[in-house]
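Here is the structure we will look at, set down as structure tokens.
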Amino acid sequence: MRIAMIGTGYVGLVSGACFMKFGVDVTCVDKDESKIETLKSGAISIYEPGLDALVAEGFESGRLTVTTNLAEAVGGADVVFIAVGTPMHDDGSSNLEYIYSAGKDIGRYINDYKIIITKSTIPVGTTTKLRKIIESEINNRKEKIIFDIANNPEFLKEGVAIDDFMRPDRIVVGANTNKSINTMRTLYRDFIRNGHAFLAMSIRSAEMTKYAANAMLATRISFINEIANLCEHTGADVREVRAGVGSDQRIGMQFLYPGIGYGGSCFPKDVQALVALGEKYQCATTLLSATHEVNENQWARFAAYICNKLSH
């Protein structure tokens, strides 16, 4: 099977290199010529333990290539992944210009049946809209090309992304045809054979699953920070409380670490994107709004705590 991975950022490069390890021919494509030249020289602009060696192995074996030629990459692929960035607008909503730009390019260069898969974190309904964009470009060419579209969200943690990909908790695929689901089962056959769960669902459910997972983890962080603040006022020790709560098998210890709140490239963006989505559909997201508010206030609480300690 041949894959084209549009986007050589964190998700695209890690995913492409890992697929290569399982014997898939992968072409990673990016419009940024300097990024591609850097990769060809053996250097990687992002840091992830083991990624440089994995990419080098892919280059040496010939199963991993990088290019700026999107027409060639799309034309020679059976499956096309979109793994471009979805930065946040000022209002918290997702900026989808790179997703839709990739869709237009695919529509210009697609030459036969393929499965187009969104791997970027995107709001519910984006994959469906992307299909219309691709179809519009094909129609502009006055051609009739059949393709399927699906969503396959990533669940990678920085620092252990390769291990997360190789040993996933689950593989989520949102698709609406048996052909695309079966193709994805074939692509992930080694993972399924090793006992990793393959969850096929609707496209919209798959899109929501990624956001819901990150929002749940962010909520746990805000929750334990609220408990920590209460502990400070009541004389309880949050470390002891965390041990007592996290030992409950229904709860667990993960993401129950008090501190200055969550940050990074995913949690703040994804929580606010869900809040913005709720506003769009006039659907209250009270808990998610509170999660975000607690996290924003935690910086001020931390600063006040330090100032109070220093003043004494």
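By convention in this document, the chains of the structure tokens carry letters A, B, ... by their order, each chain's residues are numbered from 1, and ligands are numbered from 1 in the order they are shown.
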
Every residue of range 46-171 of chain A that DSSP places in helix (DSSP H, G or I), as an MDAnalysis selection string: chainID A and resid 51:61 70:75 97:109 126:140 161:166

8 Å contact set for Ala273 in chain A, only C-alpha atoms, chain neighbours under 4 positions out, as a PyMOL selection string: chain A and resi 88+92-94+123+269+277

DSSP strand (DSSP E or B) residues within range 149-204 of chain A, as an MDAnalysis selection string: chainID A and resid 149:151 170:175 197:201

Point-to-point distance from CA of Leu96 in chain A to CA of Ile171 in chain A, Å rounded to tenths: 23.7 Å

Near-Leu288 in chain A list (12 Å; only C-alpha atoms; drop same-chain fewer than 5 positions) as a ChimeraX atom specification: /A:211-212,214-220,222-223,267-268,270-279,283,293-295

Expected file: the selected residues, N, CA and C atoms, as an mmCIF file, in the first residue's frame:
```cif
data_model
loop_
_atom_site.group_PDB
_atom_site.id
_atom_site.type_symbol
_atom_site.label_atom_id
_atom_site.label_comp_id
_atom_site.auth_asym_id
_atom_site.auth_seq_id
_atom_site.Cartn_x
_atom_site.Cartn_y
_atom_site.Cartn_z
ATOM 1 N N TYR A 211 -11.507 15.462 20.162
ATOM 2 C CA TYR A 211 -11.722 16.615 21.030
ATOM 3 C C TYR A 211 -12.159 16.186 22.424
ATOM 4 N N ALA A 212 -13.073 15.217 22.477
ATOM 5 C CA ALA A 212 -13.597 14.774 23.768
ATOM 6 C C ALA A 212 -12.499 14.178 24.637
ATOM 7 N N ASN A 214 -9.196 14.870 24.610
ATOM 8 C CA ASN A 214 -8.333 15.929 25.132
ATOM 9 C C ASN A 214 -9.059 16.789 26.157
ATOM 10 N N ALA A 215 -10.347 17.039 25.922
ATOM 11 C CA ALA A 215 -11.117 17.850 26.861
ATOM 12 C C ALA A 215 -11.272 17.142 28.206
ATOM 13 N N MET A 216 -11.442 15.819 28.171
ATOM 14 C CA MET A 216 -11.544 15.052 29.417
ATOM 15 C C MET A 216 -10.249 15.156 30.219
ATOM 16 N N LEU A 217 -9.105 15.005 29.547
ATOM 17 C CA LEU A 217 -7.817 15.083 30.241
ATOM 18 C C LEU A 217 -7.586 16.489 30.798
ATOM 19 N N ALA A 218 -7.943 17.502 30.019
ATOM 20 C CA ALA A 218 -7.800 18.880 30.490
ATOM 21 C C ALA A 218 -8.688 19.129 31.699
ATOM 22 N N THR A 219 -9.887 18.557 31.686
ATOM 23 C CA THR A 219 -10.822 18.728 32.802
ATOM 24 C C THR A 219 -10.271 18.094 34.071
ATOM 25 N N ARG A 220 -9.612 16.947 33.941
ATOM 26 C CA ARG A 220 -9.001 16.308 35.113
ATOM 27 C C ARG A 220 -7.934 17.213 35.735
ATOM 28 N N SER A 222 -7.780 20.567 35.534
ATOM 29 C CA SER A 222 -8.444 21.688 36.204
ATOM 30 C C SER A 222 -9.118 21.231 37.493
ATOM 31 N N PHE A 223 -9.654 20.014 37.479
ATOM 32 C CA PHE A 223 -10.305 19.488 38.676
ATOM 33 C C PHE A 223 -9.319 19.364 39.836
ATOM 34 N N PHE A 267 -4.242 20.929 24.347
ATOM 35 C CA PHE A 267 -5.327 21.080 25.308
ATOM 36 C C PHE A 267 -5.995 22.456 25.268
ATOM 37 N N PRO A 268 -5.224 23.565 25.339
ATOM 38 C CA PRO A 268 -5.895 24.873 25.303
ATOM 39 C C PRO A 268 -6.694 25.077 24.021
ATOM 40 N N ASP A 270 -7.923 22.778 21.910
ATOM 41 C CA ASP A 270 -9.043 21.857 21.709
ATOM 42 C C ASP A 270 -10.211 22.158 22.641
ATOM 43 N N VAL A 271 -9.916 22.536 23.888
ATOM 44 C CA VAL A 271 -10.995 22.893 24.814
ATOM 45 C C VAL A 271 -11.736 24.127 24.297
ATOM 46 N N GLN A 272 -10.989 25.141 23.867
ATOM 47 C CA GLN A 272 -11.623 26.358 23.367
ATOM 48 C C GLN A 272 -12.361 26.109 22.048
ATOM 49 N N ALA A 273 -11.854 25.174 21.247
ATOM 50 C CA ALA A 273 -12.541 24.844 20.002
ATOM 51 C C ALA A 273 -13.904 24.215 20.289
ATOM 52 N N LEU A 274 -13.985 23.373 21.320
ATOM 53 C CA LEU A 274 -15.269 22.780 21.685
ATOM 54 C C LEU A 274 -16.226 23.827 22.235
ATOM 55 N N VAL A 275 -15.701 24.755 23.015
ATOM 56 C CA VAL A 275 -16.541 25.850 23.524
ATOM 57 C C VAL A 275 -17.080 26.681 22.360
ATOM 58 N N ALA A 276 -16.207 26.980 21.402
ATOM 59 C CA ALA A 276 -16.627 27.743 20.219
ATOM 60 C C ALA A 276 -17.662 26.962 19.405
ATOM 61 N N LEU A 277 -17.481 25.637 19.332
ATOM 62 C CA LEU A 277 -18.439 24.795 18.611
ATOM 63 C C LEU A 277 -19.802 24.833 19.299
ATOM 64 N N GLY A 278 -19.779 24.822 20.630
ATOM 65 C CA GLY A 278 -21.029 24.923 21.376
ATOM 66 C C GLY A 278 -21.747 26.243 21.120
ATOM 67 N N GLU A 279 -20.966 27.316 21.046
ATOM 68 C CA GLU A 279 -21.559 28.627 20.753
ATOM 69 C C GLU A 279 -22.162 28.656 19.356
ATOM 70 N N CYS A 283 -25.326 25.517 21.979
ATOM 71 C CA CYS A 283 -25.367 24.389 22.905
ATOM 72 C C CYS A 283 -24.416 24.691 24.059
ATOM 73 N N GLU A 293 -11.698 28.242 32.322
ATOM 74 C CA GLU A 293 -11.600 29.355 33.277
ATOM 75 C C GLU A 293 -10.669 29.007 34.434
ATOM 76 N N VAL A 294 -10.819 27.798 34.962
ATOM 77 C CA VAL A 294 -9.940 27.365 36.054
ATOM 78 C C VAL A 294 -8.489 27.384 35.601
ATOM 79 N N ASN A 295 -8.242 26.910 34.394
ATOM 80 C CA ASN A 295 -6.879 26.863 33.885
ATOM 81 C C ASN A 295 -6.290 28.259 33.709
#
```

Range 140-156 of chain A surroundings by only C-alpha atoms, 8 Å radius, close-in-sequence under 6 positions cut, as a CSV table (one decimal) with N, CA and C atoms, in the first residue's frame:
```
chain,number,residue,atom,x,y,z
A,11,VAL,N,2.7,15.6,13.7
A,11,VAL,CA,1.8,14.4,13.4
A,11,VAL,C,2.2,13.7,12.1
A,108,ARG,N,-7.3,18.9,-7.3
A,108,ARG,CA,-6.7,19.3,-8.6
A,108,ARG,C,-5.8,18.1,-9.1
A,110,ILE,N,-5.9,14.6,-7.9
A,110,ILE,CA,-6.4,13.2,-7.8
A,110,ILE,C,-6.7,12.6,-9.2
A,111,ASN,N,-6.2,11.4,-9.4
A,111,ASN,CA,-6.3,10.8,-10.8
A,111,ASN,C,-7.1,9.5,-10.8
A,112,ASP,N,-7.3,8.9,-9.7
A,112,ASP,CA,-8.2,7.7,-9.7
A,112,ASP,C,-8.7,7.5,-8.2
A,113,TYR,N,-9.3,6.3,-8.0
A,113,TYR,CA,-9.9,6.1,-6.7
A,113,TYR,C,-8.8,6.1,-5.6
A,114,LYS,N,-9.2,6.9,-4.5
A,114,LYS,CA,-8.3,7.0,-3.4
A,114,LYS,C,-9.1,7.2,-2.1
A,115,ILE,N,-8.6,6.9,-1.0
A,115,ILE,CA,-9.2,7.3,0.3
A,115,ILE,C,-8.5,8.5,0.8
A,116,ILE,N,-9.2,9.6,1.1
A,116,ILE,CA,-8.7,10.8,1.7
A,116,ILE,C,-9.0,10.8,3.1
A,117,ILE,N,-8.0,10.9,4.0
A,117,ILE,CA,-8.2,10.8,5.4
A,117,ILE,C,-7.7,12.0,6.1
A,118,THR,N,-8.5,12.6,6.9
A,118,THR,CA,-8.1,13.7,7.8
A,118,THR,C,-7.6,13.2,9.1
A,119,LYS,N,-6.3,13.5,9.4
A,119,LYS,CA,-5.7,13.1,10.6
A,119,LYS,C,-5.5,14.3,11.6
A,120,SER,N,-5.6,15.5,11.0
A,120,SER,CA,-5.5,16.7,11.9
A,120,SER,C,-6.7,16.7,12.8
A,121,THR,N,-6.5,17.5,13.9
A,121,THR,CA,-7.6,17.7,14.9
A,121,THR,C,-8.6,18.7,14.3
A,127,THR,N,-14.6,17.2,7.9
A,127,THR,CA,-14.3,16.1,6.9
A,127,THR,C,-15.4,16.1,5.8
A,131,ARG,N,-14.9,17.0,1.7
A,131,ARG,CA,-15.3,16.2,0.5
A,131,ARG,C,-15.9,17.1,-0.5
A,162,ILE,N,6.3,8.0,19.3
A,162,ILE,CA,6.5,6.8,18.5
A,162,ILE,C,5.9,5.6,19.2
A,164,ASP,N,3.5,5.6,21.3
A,164,ASP,CA,2.0,5.8,21.3
A,164,ASP,C,1.5,5.3,19.9
A,165,PHE,N,2.2,5.6,18.8
A,165,PHE,CA,1.8,5.1,17.5
A,165,PHE,C,1.9,3.6,17.4
A,168,PRO,N,-0.9,1.6,20.3
A,168,PRO,CA,-2.0,2.5,20.5
A,168,PRO,C,-3.0,1.9,21.5
A,171,ILE,N,-7.4,2.4,17.8
A,171,ILE,CA,-7.3,3.1,16.5
A,171,ILE,C,-8.7,3.5,16.2
A,172,VAL,N,-9.0,4.8,16.0
A,172,VAL,CA,-10.3,5.3,15.7
A,172,VAL,C,-10.4,5.6,14.3
A,173,VAL,N,-11.4,5.1,13.6
A,173,VAL,CA,-11.6,5.4,12.2
A,173,VAL,C,-13.0,5.8,11.9
A,174,GLY,N,-13.3,6.9,11.4
A,174,GLY,CA,-14.6,7.4,11.1
A,174,GLY,C,-14.7,7.3,9.6
A,175,ALA,N,-15.7,6.5,9.1
A,175,ALA,CA,-15.9,6.3,7.7
A,175,ALA,C,-17.3,5.9,7.4
A,176,ASN,N,-17.7,6.1,6.1
A,176,ASN,CA,-19.1,5.8,5.8
A,176,ASN,C,-19.3,4.8,4.7
A,177,THR,N,-18.2,4.1,4.3
A,177,THR,CA,-18.3,3.0,3.3
A,177,THR,C,-17.5,1.8,3.8
A,180,SER,N,-13.8,1.7,2.5
A,180,SER,CA,-12.7,2.5,3.2
A,180,SER,C,-12.4,1.9,4.6
A,203,ILE,N,-18.0,9.4,10.7
A,203,ILE,CA,-17.0,10.4,10.6
A,203,ILE,C,-17.1,11.4,11.7
A,206,ALA,N,-16.0,10.2,15.0
A,206,ALA,CA,-14.5,10.2,15.1
A,206,ALA,C,-13.9,11.5,15.3
A,207,GLU,N,-14.4,12.5,14.6
A,207,GLU,CA,-13.9,13.9,14.8
A,207,GLU,C,-14.2,14.4,16.2
A,210,LYS,N,-11.7,12.8,19.2
A,210,LYS,CA,-10.4,13.4,19.5
A,210,LYS,C,-10.5,14.6,20.4
```

Close residues, range 182-197 of chain A itself excluded, 6 Å, only C-alpha atoms, min 3 positions apart in chain, as a ChimeraX atom specification: /A:170,178-179

Just-selected residues, N, CA and C atoms written as a PDB file, in the first residue's frame:
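Ended up saving to selection04.pdb:
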```
ATOM      1  N   ARG A 170      -6.075   2.588  21.179  1.00  0.00           N
ATOM      2  CA  ARG A 170      -7.126   2.263  20.223  1.00  0.00           C
ATOM      3  C   ARG A 170      -6.846   2.982  18.916  1.00  0.00           C
ATOM      4  N   ASN A 178     -17.954   0.617   3.523  1.00  0.00           N
ATOM      5  CA  ASN A 178     -17.247  -0.602   3.925  1.00  0.00           C
ATOM      6  C   ASN A 178     -15.877  -0.695   3.266  1.00  0.00           C
ATOM      7  N   LYS A 179     -15.775  -0.192   2.040  1.00  0.00           N
ATOM      8  CA  LYS A 179     -14.510  -0.264   1.327  1.00  0.00           C
ATOM      9  C   LYS A 179     -13.422   0.514   2.054  1.00  0.00           C
TER      10      LYS A 179
END
```

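Put simply, CA of Val80 in chain A is 27.5 Å away from CA of Gly264 in chain A.
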
Give one line per residue of range 68-131 of chain A that approaches range 23-36 of chain A to at most 8 Å, naming the two atoms of the closest pair and their distance in Å to one decimal, counting only C-alpha atoms; sort by chain then ascending residue number and deliver it as a Markdown table.
```
| residue | atom | partner | partner_atom | distance |
| --- | --- | --- | --- | --- |
| A:Thr68 | CA | A:Asp30 | CA | 5.2 |
| A:Asn69 | CA | A:Val29 | CA | 6.9 |
| A:Leu70 | CA | A:Val29 | CA | 6.2 |
| A:Ala73 | CA | A:Thr27 | CA | 6.3 |
```

Dump of all heavy atoms for the selected residues, as an mmCIF file, in the first residue's frame:
```cif
data_model
loop_
_atom_site.group_PDB
_atom_site.id
_atom_site.type_symbol
_atom_site.label_atom_id
_atom_site.label_comp_id
_atom_site.auth_asym_id
_atom_site.auth_seq_id
_atom_site.Cartn_x
_atom_site.Cartn_y
_atom_site.Cartn_z
ATOM 1 N N THR A 68 8.206 18.115 -2.332
ATOM 2 C CA THR A 68 7.290 19.257 -2.405
ATOM 3 C C THR A 68 6.299 19.066 -3.547
ATOM 4 O O THR A 68 5.413 19.894 -3.747
ATOM 5 C CB THR A 68 8.069 20.568 -2.641
ATOM 6 O OG1 THR A 68 8.844 20.446 -3.852
ATOM 7 C CG2 THR A 68 8.992 20.885 -1.474
ATOM 8 N N ASN A 69 6.460 17.977 -4.295
ATOM 9 C CA ASN A 69 5.616 17.718 -5.461
ATOM 10 C C ASN A 69 4.332 17.019 -5.026
ATOM 11 O O ASN A 69 4.255 15.787 -4.987
ATOM 12 C CB ASN A 69 6.377 16.858 -6.472
ATOM 13 C CG ASN A 69 5.662 16.792 -7.810
ATOM 14 O OD1 ASN A 69 4.439 16.863 -7.884
ATOM 15 N ND2 ASN A 69 6.437 16.660 -8.886
ATOM 16 N N LEU A 70 3.311 17.802 -4.720
ATOM 17 C CA LEU A 70 2.060 17.248 -4.221
ATOM 18 C C LEU A 70 1.327 16.455 -5.293
ATOM 19 O O LEU A 70 0.702 15.430 -5.006
ATOM 20 C CB LEU A 70 1.170 18.366 -3.672
ATOM 21 C CG LEU A 70 -0.001 17.903 -2.799
ATOM 22 C CD1 LEU A 70 -0.185 18.829 -1.620
ATOM 23 C CD2 LEU A 70 -1.298 17.847 -3.604
ATOM 24 N N ALA A 73 2.882 13.065 -5.393
ATOM 25 C CA ALA A 73 2.608 12.314 -4.170
ATOM 26 C C ALA A 73 1.167 11.806 -4.143
ATOM 27 O O ALA A 73 0.915 10.639 -3.827
ATOM 28 C CB ALA A 73 2.892 13.183 -2.948
#
```

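With CA of Ile251 in chain A on one side and CA of Ala228 in chain A on the other, the separation reads 16.8 Å.
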